[in-house]
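Novice: One file is attached below, upload-v1.csv, containing CSV, C-alpha atoms and all ligand atoms.
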chain,number,residue,atom,x,y,z
H,174,MET,CA,-13.4,10.9,-28.4
H,175,GLU,CA,-15.7,7.9,-27.7
H,176,GLY,CA,-13.4,5.7,-29.8
H,177,ILE,CA,-10.4,6.2,-27.6
H,178,HIS,CA,-9.6,3.0,-25.7
H,179,SER,CA,-6.8,1.0,-24.1
H,180,HIS,CA,-5.7,-2.5,-24.9
H,181,VAL,CA,-5.1,-3.1,-21.2
H,182,THR,CA,-7.5,-3.7,-18.3
H,183,PRO,CA,-6.6,-4.5,-14.7
H,184,VAL,CA,-9.9,-6.0,-13.4
H,185,ARG,CA,-12.6,-8.1,-15.0
H,186,TRP,CA,-15.6,-10.2,-14.0
H,187,ARG,CA,-15.9,-13.5,-15.7
H,188,GLY,CA,-18.3,-15.3,-13.4
H,189,GLY,CA,-16.0,-14.2,-10.6
H,190,LEU,CA,-13.3,-11.6,-10.0
H,191,GLU,CA,-10.2,-11.7,-12.1
H,192,LEU,CA,-7.1,-9.5,-11.6
H,193,LEU,CA,-4.2,-8.8,-14.0
H,194,ASP,CA,-1.2,-9.5,-11.8
H,195,GLN,CA,0.6,-6.1,-12.0
H,196,ARG,CA,3.5,-7.5,-10.0
H,197,ALA,CA,4.4,-9.6,-13.0
H,198,LEU,CA,4.4,-6.8,-15.5
H,199,PRO,CA,6.0,-6.1,-17.9
H,200,HIS,CA,7.4,-9.6,-18.0
H,201,ARG,CA,4.3,-11.8,-17.9
H,202,LEU,CA,0.5,-11.4,-18.5
H,203,GLN,CA,-1.0,-13.4,-15.8
H,204,TRP,CA,-4.6,-13.4,-14.5
H,205,LEU,CA,-5.4,-14.2,-10.9
H,206,ARG,CA,-8.8,-15.5,-9.6
H,207,PRO,CA,-9.0,-14.7,-5.9
H,208,ARG,CA,-12.0,-16.7,-4.6
H,209,ARG,CA,-11.6,-16.2,-0.9
H,210,MET,CA,-11.8,-12.8,0.8
H,211,GLY,CA,-8.4,-13.2,2.4
H,212,GLU,CA,-6.8,-13.6,-1.0
H,213,ALA,CA,-8.5,-10.5,-2.4
H,214,VAL,CA,-7.3,-8.5,0.6
H,215,ARG,CA,-3.7,-9.8,0.2
H,216,LEU,CA,-3.6,-9.1,-3.5
H,217,ILE,CA,-4.7,-5.5,-3.0
H,218,ARG,CA,-2.1,-5.0,-0.2
H,219,ASP,CA,0.6,-6.7,-2.3
H,220,LEU,CA,-0.1,-4.4,-5.3
H,221,ALA,CA,-1.3,-7.2,-7.7
H,222,VAL,CA,-4.0,-4.6,-8.4
H,223,ARG,CA,-3.2,-1.0,-7.6
H,224,GLY,CA,-4.3,2.5,-8.5
H,225,ALA,CA,-7.0,4.2,-6.5
H,226,PRO,CA,-10.0,3.5,-8.8
H,227,ALA,CA,-8.9,0.0,-9.7
H,228,ILE,CA,-8.6,-1.2,-6.1
H,229,GLY,CA,-12.1,0.2,-5.5
H,230,ILE,CA,-13.5,-1.7,-8.4
H,231,ALA,CA,-11.7,-4.9,-7.4
H,232,ALA,CA,-12.9,-4.6,-3.9
H,233,ALA,CA,-16.5,-4.1,-5.0
H,234,TYR,CA,-16.3,-7.3,-7.1
H,235,ALA,CA,-14.7,-9.1,-4.2
H,236,LEU,CA,-17.7,-8.1,-2.1
H,237,ALA,CA,-20.1,-9.3,-4.8
H,238,GLN,CA,-18.4,-12.7,-4.5
H,239,GLU,CA,-18.8,-12.6,-0.7
H,240,ALA,CA,-22.5,-11.7,-1.0
H,241,ARG,CA,-22.9,-14.8,-3.3
H,242,ARG,CA,-21.3,-17.0,-0.5
H,243,SER,CA,-23.5,-15.6,2.3
H,244,SER,CA,-26.5,-13.3,2.6
H,245,SER,CA,-25.4,-12.2,6.1
H,246,LEU,CA,-25.0,-8.4,6.2
H,247,ALA,CA,-22.7,-8.6,9.2
H,248,ARG,CA,-20.4,-10.8,7.2
H,249,LEU,CA,-20.5,-8.4,4.2
H,250,ARG,CA,-19.7,-5.5,6.5
H,251,ALA,CA,-16.8,-7.3,8.1
H,252,ALA,CA,-15.4,-8.1,4.6
H,253,ALA,CA,-15.8,-4.5,3.6
H,254,ALA,CA,-13.8,-3.4,6.7
H,255,ARG,CA,-11.0,-5.8,5.9
H,256,LEU,CA,-10.8,-4.6,2.2
H,257,ALA,CA,-10.9,-0.9,3.2
H,258,ALA,CA,-8.0,-1.4,5.6
H,259,ALA,CA,-5.8,-3.1,3.0
H,260,ARG,CA,-4.7,0.3,1.7
H,261,PRO,CA,-5.5,3.3,3.8
H,262,THR,CA,-4.7,6.3,1.5
H,263,ALA,CA,-6.8,5.7,-1.6
H,264,VAL,CA,-10.3,6.8,-0.5
H,265,ASN,CA,-11.9,5.2,-3.6
H,266,LEU,CA,-11.4,1.8,-1.9
H,267,ARG,CA,-13.5,2.8,1.2
H,268,TRP,CA,-16.0,4.6,-1.0
H,269,ALA,CA,-16.6,1.6,-3.2
H,270,VAL,CA,-17.0,-1.0,-0.4
H,271,GLU,CA,-19.4,1.4,1.4
H,272,ARG,CA,-21.4,1.8,-1.7
H,273,VAL,CA,-21.7,-1.9,-2.3
H,274,VAL,CA,-22.7,-2.6,1.4
H,275,ALA,CA,-25.3,0.2,1.4
H,276,ALA,CA,-26.9,-1.1,-1.8
H,277,ALA,CA,-26.9,-4.7,-0.5
H,278,ALA,CA,-28.4,-3.6,2.8
H,279,GLU,CA,-31.4,-2.1,1.0
H,280,ALA,CA,-32.1,-5.4,-0.7
H,281,PRO,CA,-33.9,-8.5,0.7
H,282,PRO,CA,-31.5,-11.3,1.7
H,283,THR,CA,-32.3,-13.3,-1.4
H,284,GLY,CA,-31.5,-10.3,-3.7
H,285,ARG,CA,-28.2,-9.2,-2.0
H,286,ALA,CA,-25.8,-11.0,-4.2
H,287,ALA,CA,-27.4,-9.7,-7.4
H,288,VAL,CA,-27.5,-6.1,-6.1
H,289,ALA,CA,-23.9,-6.3,-4.9
H,290,LEU,CA,-22.8,-7.5,-8.4
H,291,ALA,CA,-24.9,-4.8,-10.2
H,292,THR,CA,-23.4,-2.1,-7.9
H,293,ALA,CA,-19.8,-3.4,-8.6
H,294,ARG,CA,-20.6,-3.3,-12.3
H,295,ALA,CA,-22.0,0.2,-12.0
H,296,ILE,CA,-18.9,1.4,-10.2
H,297,HIS,CA,-16.7,-0.1,-12.9
H,298,GLU,CA,-18.7,1.4,-15.8
H,299,GLU,CA,-19.0,4.8,-14.1
H,300,ASP,CA,-15.3,4.9,-13.7
H,301,ALA,CA,-14.8,4.2,-17.4
H,302,ALA,CA,-17.1,7.1,-18.2
H,303,ALA,CA,-15.4,9.4,-15.7
H,304,CYS,CA,-12.0,8.7,-17.4
H,305,ARG,CA,-13.4,9.6,-20.8
H,306,ALA,CA,-14.7,12.9,-19.4
H,307,ILE,CA,-11.5,13.7,-17.6
H,308,GLY,CA,-9.5,13.0,-20.7
H,309,ARG,CA,-11.7,15.4,-22.7
H,310,GLU,CA,-11.7,18.2,-20.0
H,311,GLY,CA,-8.0,17.8,-19.2
H,312,ALA,CA,-6.8,17.8,-22.9
H,313,ALA,CA,-8.3,21.2,-23.4
H,314,LEU,CA,-5.9,22.6,-20.7
H,315,PHE,CA,-2.9,21.8,-22.9
H,316,PRO,CA,-3.3,23.6,-26.2
H,317,GLY,CA,-1.0,23.0,-29.2
H,318,GLN,CA,1.8,20.5,-29.5
H,319,VAL,CA,2.8,19.3,-26.1
H,320,ALA,CA,5.1,16.9,-24.3
H,321,LEU,CA,3.7,15.8,-20.9
H,322,LEU,CA,5.4,14.4,-17.9
H,323,THR,CA,3.6,11.9,-15.6
H,324,HIS,CA,4.4,10.0,-12.4
H,325,CYS,CA,3.6,6.5,-11.3
H,326,ASN,CA,0.7,5.0,-13.3
H,327,ALA,CA,-2.6,6.7,-13.5
H,328,GLY,CA,-3.6,4.9,-16.6
H,329,ALA,CA,-5.8,2.1,-17.8
H,330,LEU,CA,-4.0,-0.2,-15.4
H,331,ALA,CA,-5.1,2.0,-12.5
H,332,THR,CA,-8.7,2.5,-13.4
H,333,GLY,CA,-11.8,1.0,-15.0
H,334,GLY,CA,-11.2,2.9,-18.3
H,335,ILE,CA,-8.5,4.8,-20.2
H,336,GLY,CA,-7.0,6.3,-17.1
H,337,THR,CA,-7.1,9.7,-15.4
H,338,ALA,CA,-3.7,11.4,-16.1
H,339,LEU,CA,-3.1,9.0,-19.0
H,340,GLY,CA,-6.7,9.6,-20.1
H,341,ILE,CA,-5.6,13.2,-20.8
H,342,VAL,CA,-2.5,12.0,-22.5
H,343,ARG,CA,-4.5,9.6,-24.7
H,344,VAL,CA,-6.9,12.3,-25.8
H,345,VAL,CA,-4.0,14.7,-26.6
H,346,HIS,CA,-2.4,11.9,-28.5
H,347,ALA,CA,-5.6,11.1,-30.4
H,348,GLN,CA,-5.8,14.8,-31.4
H,349,GLY,CA,-2.4,14.5,-33.0
H,350,ARG,CA,-0.8,16.9,-30.5
H,351,LEU,CA,1.3,14.7,-28.2
H,352,LEU,CA,5.0,15.2,-28.9
H,353,ARG,CA,6.0,12.7,-26.2
H,354,LEU,CA,5.0,11.3,-22.8
H,355,TYR,CA,7.7,11.3,-20.2
H,356,ALA,CA,7.3,8.8,-17.4
H,357,CYS,CA,9.2,8.9,-14.1
H,358,GLU,CA,10.1,5.5,-13.0
H,359,ALA,CA,8.5,5.9,-9.5
H,360,ARG,CA,10.9,4.3,-7.1
H,361,PRO,CA,10.7,2.1,-5.1
H,362,VAL,CA,7.9,0.0,-6.7
H,363,LEU,CA,8.6,1.3,-10.3
H,364,GLN,CA,5.0,1.7,-11.4
H,365,GLY,CA,6.3,4.2,-14.0
H,366,ALA,CA,9.0,1.9,-15.4
H,367,ARG,CA,7.1,-1.4,-15.2
H,368,LEU,CA,3.5,-0.2,-15.8
H,369,THR,CA,3.2,3.2,-17.5
H,370,ALA,CA,6.0,2.5,-20.0
H,371,TRP,CA,4.4,-0.9,-20.8
H,372,GLU,CA,0.9,0.5,-21.1
H,373,ALA,CA,2.0,3.4,-23.3
H,374,ILE,CA,3.9,1.0,-25.6
H,375,GLN,CA,0.8,-1.3,-25.8
H,376,ASP,CA,-1.3,1.6,-26.9
H,377,GLY,CA,1.2,3.2,-29.3
H,378,ILE,CA,1.9,6.3,-27.2
H,379,PRO,CA,5.5,7.7,-27.7
H,380,VAL,CA,7.1,7.3,-24.3
H,381,THR,CA,10.4,8.1,-22.7
H,382,LEU,CA,11.3,6.7,-19.2
H,383,LEU,CA,13.4,8.7,-16.8
H,384,PRO,CA,14.8,8.2,-13.3
H,385,ASP,CA,12.8,10.3,-10.8
H,386,SER,CA,16.0,12.2,-10.1
H,387,ALA,CA,16.2,13.4,-13.7
H,388,ALA,CA,12.8,15.2,-13.6
H,389,ALA,CA,14.5,18.5,-12.5
H,390,SER,CA,16.9,18.5,-15.5
H,391,LEU,CA,14.0,17.6,-17.9
H,392,LEU,CA,11.8,20.4,-16.6
H,393,ALA,CA,14.7,22.9,-16.6
H,394,SER,CA,15.4,22.0,-20.2
H,395,GLY,CA,12.0,23.4,-21.3
H,396,ALA,CA,11.1,20.1,-23.1
H,397,VAL,CA,7.9,19.6,-21.1
H,398,GLN,CA,4.7,21.7,-21.4
H,399,GLY,CA,2.7,20.1,-18.6
H,400,VAL,CA,2.8,17.6,-15.7
H,401,VAL,CA,-0.2,15.4,-15.3
H,402,VAL,CA,-0.7,13.1,-12.3
H,403,GLY,CA,-3.5,11.1,-10.7
H,404,ALA,CA,-4.6,11.2,-7.0
H,405,ASP,CA,-5.4,8.8,-4.2
H,406,ARG,CA,-7.3,11.3,-2.1
H,407,ILE,CA,-8.1,14.9,-2.5
H,408,ALA,CA,-8.9,16.8,0.7
H,409,ALA,CA,-11.6,19.6,1.0
H,410,ASP,CA,-8.9,22.3,0.6
H,411,GLY,CA,-7.6,20.8,-2.6
H,412,ALA,CA,-4.5,19.1,-1.1
H,413,VAL,CA,-3.7,16.0,-3.1
H,414,ALA,CA,-2.2,12.7,-1.9
H,415,ASN,CA,-0.6,10.8,-4.7
H,416,LYS,CA,2.4,8.5,-5.3
H,417,VAL,CA,5.4,9.6,-3.3
H,418,GLY,CA,7.5,11.8,-5.6
H,419,THR,CA,4.5,13.8,-6.8
H,420,TYR,CA,5.1,16.7,-4.4
H,421,PRO,CA,8.7,17.3,-5.6
H,422,LEU,CA,7.4,17.3,-9.2
H,423,ALA,CA,4.9,20.0,-8.2
H,424,VAL,CA,7.7,22.1,-6.6
H,425,LEU,CA,9.8,21.7,-9.8
H,426,ALA,CA,6.9,22.5,-12.1
H,427,HIS,CA,6.2,25.7,-10.1
H,428,ARG,CA,9.9,26.6,-10.2
H,429,HIS,CA,10.0,26.2,-14.0
H,430,GLY,CA,6.5,27.7,-14.8
H,431,VAL,CA,5.1,24.5,-16.1
H,432,PRO,CA,1.4,23.7,-15.5
H,433,PHE,CA,0.8,21.0,-12.9
H,434,VAL,CA,-2.5,19.2,-13.4
H,435,VAL,CA,-4.2,16.6,-11.2
H,436,ALA,CA,-6.8,14.3,-12.7
H,437,ALA,CA,-9.2,12.3,-10.6
H,438,PRO,CA,-12.8,11.1,-10.5
H,439,ARG,CA,-15.4,12.2,-7.9
H,440,SER,CA,-14.7,9.0,-6.0
H,441,THR,CA,-11.2,10.3,-5.1
H,442,PHE,CA,-12.4,13.4,-3.3
H,443,ASP,CA,-12.9,13.2,0.4
H,444,LEU,CA,-14.6,16.4,1.6
H,445,THR,CA,-14.7,15.0,5.1
H,446,CYS,CA,-10.9,15.3,5.1
H,447,PRO,CA,-10.2,19.1,5.8
H,448,ASN,CA,-6.7,19.2,4.5
H,449,GLY,CA,-3.6,17.3,3.5
H,450,ALA,CA,-2.4,16.8,7.0
H,451,ALA,CA,-5.6,14.8,7.8
H,452,ILE,CA,-4.9,12.3,4.9
H,453,PRO,CA,-3.6,9.0,6.3
H,454,ILE,CA,-0.4,8.1,4.4
H,455,GLU,CA,0.4,4.4,4.0
H,456,GLU,CA,3.9,3.4,5.0
H,457,ARG,CA,5.1,0.3,3.3
H,458,SER,CA,7.8,-2.3,4.1
H,459,GLY,CA,11.4,-1.2,4.2
H,460,GLU,CA,12.2,-4.3,2.0
H,461,GLU,CA,10.7,-2.4,-1.0
H,462,VAL,CA,13.6,0.0,-0.7
H,463,ARG,CA,16.4,-2.3,0.5
H,464,ARG,CA,15.7,-4.5,-2.6
H,465,LEU,CA,15.5,-3.6,-6.3
H,466,ALA,CA,13.7,-6.2,-8.5
H,467,GLY,CA,14.2,-8.7,-5.7
H,468,VAL,CA,17.9,-8.1,-5.4
H,469,ARG,CA,19.2,-6.7,-2.1
H,470,VAL,CA,20.8,-3.3,-2.7
H,471,ALA,CA,21.1,-1.9,0.9
H,472,PRO,CA,22.3,-3.4,4.2
H,473,ARG,CA,19.7,-5.8,5.6
H,474,SER,CA,19.7,-3.8,8.9
H,475,VAL,CA,19.4,-0.3,7.6
H,476,ALA,CA,16.4,1.7,8.8
H,477,VAL,CA,14.1,2.8,5.9
H,478,PHE,CA,11.6,5.6,5.4
H,479,ASN,CA,9.1,4.4,2.8
H,480,PRO,CA,5.8,6.4,2.6
H,481,ALA,CA,3.8,5.2,-0.4
H,482,PHE,CA,2.3,8.7,-1.0
H,483,ASP,CA,3.0,12.3,-0.4
H,484,VAL,CA,0.8,15.4,-0.2
H,485,THR,CA,0.9,18.3,-2.7
H,486,PRO,CA,-0.5,21.5,-1.3
H,487,PRO,CA,-3.2,23.2,-3.4
H,488,GLU,CA,-1.1,26.3,-4.1
H,489,LEU,CA,1.3,24.2,-6.2
H,490,ILE,CA,-1.5,22.7,-8.3
H,491,THR,CA,-2.6,24.6,-11.5
H,492,ALA,CA,-5.9,22.7,-11.9
H,493,ILE,CA,-7.8,19.7,-10.7
H,494,VAL,CA,-9.8,17.9,-13.4
H,495,SER,CA,-12.7,15.6,-12.6
H,496,GLU,CA,-15.6,14.2,-14.7
H,497,HIS,CA,-17.5,17.3,-13.6
H,498,GLY,CA,-15.1,19.9,-14.9
H,499,VAL,CA,-12.1,21.8,-13.8
H,500,ALA,CA,-11.2,23.5,-10.4
H,501,ARG,CA,-8.8,26.4,-11.2
H,502,PRO,CA,-7.3,27.9,-9.2
H,503,VAL,CA,-7.4,25.1,-6.6
H,504,THR,CA,-9.1,26.4,-3.4
H,505,ALA,CA,-11.6,25.0,-0.9
H,506,ALA,CA,-14.3,27.0,-2.8
H,507,SER,CA,-13.4,25.7,-6.2
H,508,VAL,CA,-13.2,22.1,-5.0
H,509,ARG,CA,-16.6,22.5,-3.4
H,510,ALA,CA,-18.0,24.0,-6.6
H,511,LEU,CA,-16.6,21.1,-8.6
H,512,VAL,CA,-17.7,18.1,-6.5
H,513,GLY,CA,-19.5,19.4,-3.4
Q,1,LIG,O1,0.6,2.5,-4.8
Q,1,LIG,P1,-0.2,2.6,-6.1
Q,1,LIG,O2,0.5,2.1,-7.3
Q,1,LIG,O3,-1.6,2.1,-5.9
Q,1,LIG,O4,-0.3,4.2,-6.3
Q,1,LIG,C1,-1.0,4.7,-7.4
Q,1,LIG,C2,-1.0,6.1,-7.5
Q,1,LIG,O5,-0.5,6.9,-6.8
Q,1,LIG,C3,-1.9,6.7,-8.7
Q,1,LIG,O6,-1.3,7.9,-9.2
Q,1,LIG,C4,-3.3,7.0,-8.1
Q,1,LIG,O7,-3.8,5.9,-7.5
Q,1,LIG,C5,-4.2,7.4,-9.2
Q,1,LIG,S1,-4.6,6.2,-10.3
Q,1,LIG,C6,-5.7,6.8,-11.4
As structure tokens, please, write out the structure in this file.
Ligand code: MRU
Specialist:
Amino acid sequence: MEGIHSHVTPVRWRGGLELLDQRALPHRLQWLRPRRMGEAVRLIRDLAVRGAPAIGIAAAYALAQEARRSSSLARLRAAAARLAAARPTAVNLRWAVERVVAAAAEAPPTGRAAVALATARAIHEEDAAACRAIGREGAALFPGQVALLTHCNAGALATGGIGTALGIVRVVHAQGRLLRLYACEARPVLQGARLTAWEAIQDGIPVTLLPDSAAASLLASGAVQGVVVGADRIAADGAVANKVGTYPLAVLAHRHGVPFVVAAPRSTFDLTCPNGAAIPIEERSGEEVRRLAGVRVAPRSVAVFNPAFDVTPPELITAIVSEHGVARPVTAASVRALVG
């Protein structure tokens, strides 16, 4: 399985931080080079880079750039706080910046830049390894020939490797067992339509796109043997925050007896968060809903409810897969045994 890879990558270091602008996909491949901290914060908030592990990796490299500019720990801590606040739900972001700051704080002032960069690289490489392990562990949960349904993008574009949910899909595909990947479009930002569909096509994975509202009919038809999604934060009781629209898929999967599997690295678990109600849910601008691909589709003055994530309760989740193994059934005890 070591040979499984993706042709796409969202973040790279080439003497400085570079981000593939995911806002431009699937139309244009365009790399951005944010050199100032304010730019990096804005690009994370504006979804130029997105996906919980990828924003953690990007923020870690942004801090490495900051440490190169100044050896002041106070300045590094302030930058870390700004980065962490850019997107409040994905705990990988906070985890990554705290790790870089802690490592830099241990180093003498002259060594801080090198240590910050080495830590960012380690976070990146460890995430790639975690994705491979998740792919292996998760694929074993779906025996035989299977069609899988996913939501949003939990692929290479969202991580430092082959993806979490899409890591599983890639391994099943490499084993010759994937009948088809179904991708929900993920309104309002369309990560499924713009990103998962594109990424799957780049990597030769057979993919069918569907409107979010068609998931019920698809699951009722019996065409899908499993639902695989990523996560932005997993609470101590196993509740999972992920892209809005994940919770309804879990309800539907339960209704139709289809396994519902969450895939996430250790860095997505927040055992200090007791349950789903304690997970902060990012609310985004109403303009994301009033407009579709830049075109206004709703009255300018209409009120909008636009949470970026929802919370799926543990009892609707068949299994959670991390690089350390599988929690099944999902309970506080099994989560603690997996990553505690
Ligand atoms: O708003 P986004 O695009 O950052 O949301 C991404 C998701 O919800 C992903 O499923 C999650 O971050 C896991 S990515 C491996």
Novice: Counting only C-alpha atoms and all ligand atoms, which residue out of H:Ala436, H:Ile490, H:Ala287, H:Met210 sits closest to ligand LIG 1 (chain Q)?
Specialist: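 Among H:Ala436, H:Ile490, H:Ala287, H:Met210, it is H:Ala436 that comes nearest to ligand LIG 1 (chain Q).
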Novice: Just to confirm, what's the straight-line distance from atom CA of H:Leu321 to atom O6 of ligand LIG 1 (chain Q) in Å (one decimal)?
Specialist: 15.0 Å
Novice: Please report, as JSON lines, each residue of chain H lying at most 7 Å from ligand LIG 1 (chain Q), together with the nearest pair of atoms and the separation in Å rounded to one decimal; use all atoms listed in the file, and order rows by chain and ascending residue number.
Specialist:
{"residue": "H:Leu220", "atom": "CA", "partner": "Q:LIG1", "partner_atom": "O3", "distance": 6.7}
{"residue": "H:Arg223", "atom": "CA", "partner": "Q:LIG1", "partner_atom": "O3", "distance": 3.9}
{"residue": "H:Gly224", "atom": "CA", "partner": "Q:LIG1", "partner_atom": "O7", "distance": 3.6}
{"residue": "H:Ala225", "atom": "CA", "partner": "Q:LIG1", "partner_atom": "O7", "distance": 3.8}
{"residue": "H:Pro226", "atom": "CA", "partner": "Q:LIG1", "partner_atom": "C6", "distance": 6.0}
{"residue": "H:Ala263", "atom": "CA", "partner": "Q:LIG1", "partner_atom": "O7", "distance": 6.6}
{"residue": "H:His324", "atom": "CA", "partner": "Q:LIG1", "partner_atom": "O6", "distance": 6.9}
{"residue": "H:Cys325", "atom": "CA", "partner": "Q:LIG1", "partner_atom": "O6", "distance": 5.5}
{"residue": "H:Asn326", "atom": "CA", "partner": "Q:LIG1", "partner_atom": "O6", "distance": 5.4}
{"residue": "H:Ala327", "atom": "CA", "partner": "Q:LIG1", "partner_atom": "C6", "distance": 3.7}
{"residue": "H:Gly328", "atom": "CA", "partner": "Q:LIG1", "partner_atom": "C6", "distance": 5.9}
{"residue": "H:Ala331", "atom": "CA", "partner": "Q:LIG1", "partner_atom": "S1", "distance": 4.8}
{"residue": "H:Thr332", "atom": "CA", "partner": "Q:LIG1", "partner_atom": "C6", "distance": 5.6}
{"residue": "H:Gly336", "atom": "CA", "partner": "Q:LIG1", "partner_atom": "C6", "distance": 5.9}
{"residue": "H:Thr337", "atom": "CA", "partner": "Q:LIG1", "partner_atom": "C6", "distance": 5.1}
{"residue": "H:Ala338", "atom": "CA", "partner": "Q:LIG1", "partner_atom": "C6", "distance": 6.9}
{"residue": "H:Gln364", "atom": "CA", "partner": "Q:LIG1", "partner_atom": "O2", "distance": 6.1}
{"residue": "H:Val402", "atom": "CA", "partner": "Q:LIG1", "partner_atom": "O6", "distance": 6.1}
{"residue": "H:Gly403", "atom": "CA", "partner": "Q:LIG1", "partner_atom": "C5", "distance": 4.1}
{"residue": "H:Ala404", "atom": "CA", "partner": "Q:LIG1", "partner_atom": "C5", "distance": 4.4}
{"residue": "H:Asp405", "atom": "CA", "partner": "Q:LIG1", "partner_atom": "O7", "distance": 4.7}
{"residue": "H:Asn415", "atom": "CA", "partner": "Q:LIG1", "partner_atom": "O5", "distance": 4.4}
{"residue": "H:Lys416", "atom": "CA", "partner": "Q:LIG1", "partner_atom": "O5", "distance": 3.6}
{"residue": "H:Ala437", "atom": "CA", "partner": "Q:LIG1", "partner_atom": "C6", "distance": 6.6}
{"residue": "H:Ala481", "atom": "CA", "partner": "Q:LIG1", "partner_atom": "O1", "distance": 6.1}
{"residue": "H:Phe482", "atom": "CA", "partner": "Q:LIG1", "partner_atom": "O5", "distance": 6.7}
Novice: Give me the residues near H:Ser390 as a PDB file with C-alpha atoms, in the frame of the given file, where near means some atom within 12 Å (using only C-alpha atoms) and where sequence neighbours in that chain fewer than 3 positions away do not count.
Specialist:
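Listing of around31.pdb after writing:
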ATOM      1  CA  LEU H 383      13.400   8.700 -16.800  1.00  0.00           C
ATOM      2  CA  PRO H 384      14.800   8.200 -13.300  1.00  0.00           C
ATOM      3  CA  ASP H 385      12.800  10.300 -10.800  1.00  0.00           C
ATOM      4  CA  SER H 386      16.000  12.200 -10.100  1.00  0.00           C
ATOM      5  CA  ALA H 387      16.200  13.400 -13.700  1.00  0.00           C
ATOM      6  CA  ALA H 393      14.700  22.900 -16.600  1.00  0.00           C
ATOM      7  CA  SER H 394      15.400  22.000 -20.200  1.00  0.00           C
ATOM      8  CA  GLY H 395      12.000  23.400 -21.300  1.00  0.00           C
ATOM      9  CA  ALA H 396      11.100  20.100 -23.100  1.00  0.00           C
ATOM     10  CA  VAL H 397       7.900  19.600 -21.100  1.00  0.00           C
ATOM     11  CA  LEU H 422       7.400  17.300  -9.200  1.00  0.00           C
ATOM     12  CA  LEU H 425       9.800  21.700  -9.800  1.00  0.00           C
ATOM     13  CA  ALA H 426       6.900  22.500 -12.100  1.00  0.00           C
ATOM     14  CA  ARG H 428       9.900  26.600 -10.200  1.00  0.00           C
ATOM     15  CA  HIS H 429      10.000  26.200 -14.000  1.00  0.00           C
TER      16      HIS H 429
END
Novice: Select, from H:Leu198, H:Val462, H:Ile335, H:Val475, the residue with the minimum atom-to-atom distance to H:Glu298, counting only C-alpha atoms.
Specialist: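 Of all the options, H:Ile335 lies closest to H:Glu298.
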Novice: Between atom CA of H:Arg353 and atom CA of H:Ile378, measure the distance and give it in Å to one decimal.
Specialist: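 Value for the atom CA of H:Arg353-atom CA of H:Ile378 distance: 7.7 Å.
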Novice: Could you name the residues that touch H:Gly189 at 8 Å or less, counting all atoms listed in the file, but leaving out those on the same chain fewer than 5 positions away, as number ranges by chain?
Specialist: H: 206, 208, 234, 238
Novice: Under the rule that only C-alpha atoms are counted, which of H:Ala240, H:Leu322, H:Val484, H:Val274 is the nearest residue to H:Ile407?
Specialist: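 So, comparing all the options, the nearest one is H:Val484.
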Novice: How many Å separate atom CA of H:Arg218 from atom CA of H:Leu330?
Specialist: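 If I compute the distance from atom CA of H:Arg218 to atom CA of H:Leu330, I get 16.1 Å.
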Novice: Would you mind listing, for every residue of stretch 208-235 of chain H within 10 Å of stretch 300-319 of chain H, the two atoms forming the shortest contact and the distance between them in Å to one decimal, using all atoms listed in the file, sorted by chain and ascending residue number, as a Markdown table?
Specialist:
| residue | atom | partner | partner_atom | distance |
| --- | --- | --- | --- | --- |
| H:Pro226 | CA | H:Asp300 | CA | 7.4 |
| H:Ala227 | CA | H:Asp300 | CA | 9.0 |
| H:Gly229 | CA | H:Asp300 | CA | 10.0 |
| H:Ile230 | CA | H:Asp300 | CA | 8.7 |
Novice: Kindly indicate which residue among H:Val413, H:Ala356, H:Val400, H:Ala259 lies nearest to H:Pro487, using all atoms listed in the file for the distances.
Specialist: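 Using all atoms listed in the file, the shortest distance to H:Pro487 belongs to H:Val413.
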Novice: Write out as a VMD selection string each polymer residue whose atoms come within 12 Å of H:Ala235, counting only C-alpha atoms; drop sequence neighbours fewer than 3 positions from it.
Specialist: chain H and resid 184 to 186 188 to 192 206 to 217 228 to 232 238 to 242 249 252 to 253 255 to 257 266 269 to 270 273 to 274 286 289 to 290 292 to 294
Novice: If you count all atoms listed in the file, which residues fall within 7 Å of H:Pro453, apart from same-chain ones fewer than 2 positions away, as a PyMOL selection string?
Specialist: chain H and resi 261-262+451+455
Novice: Excluding same-chain residues fewer than 4 positions from H:Ala329, what lies within 9 Å of it counting all atoms listed in the file, as a VMD selection string?
Specialist: chain H and resid 178 to 183 227 333 to 337 339 to 340 372
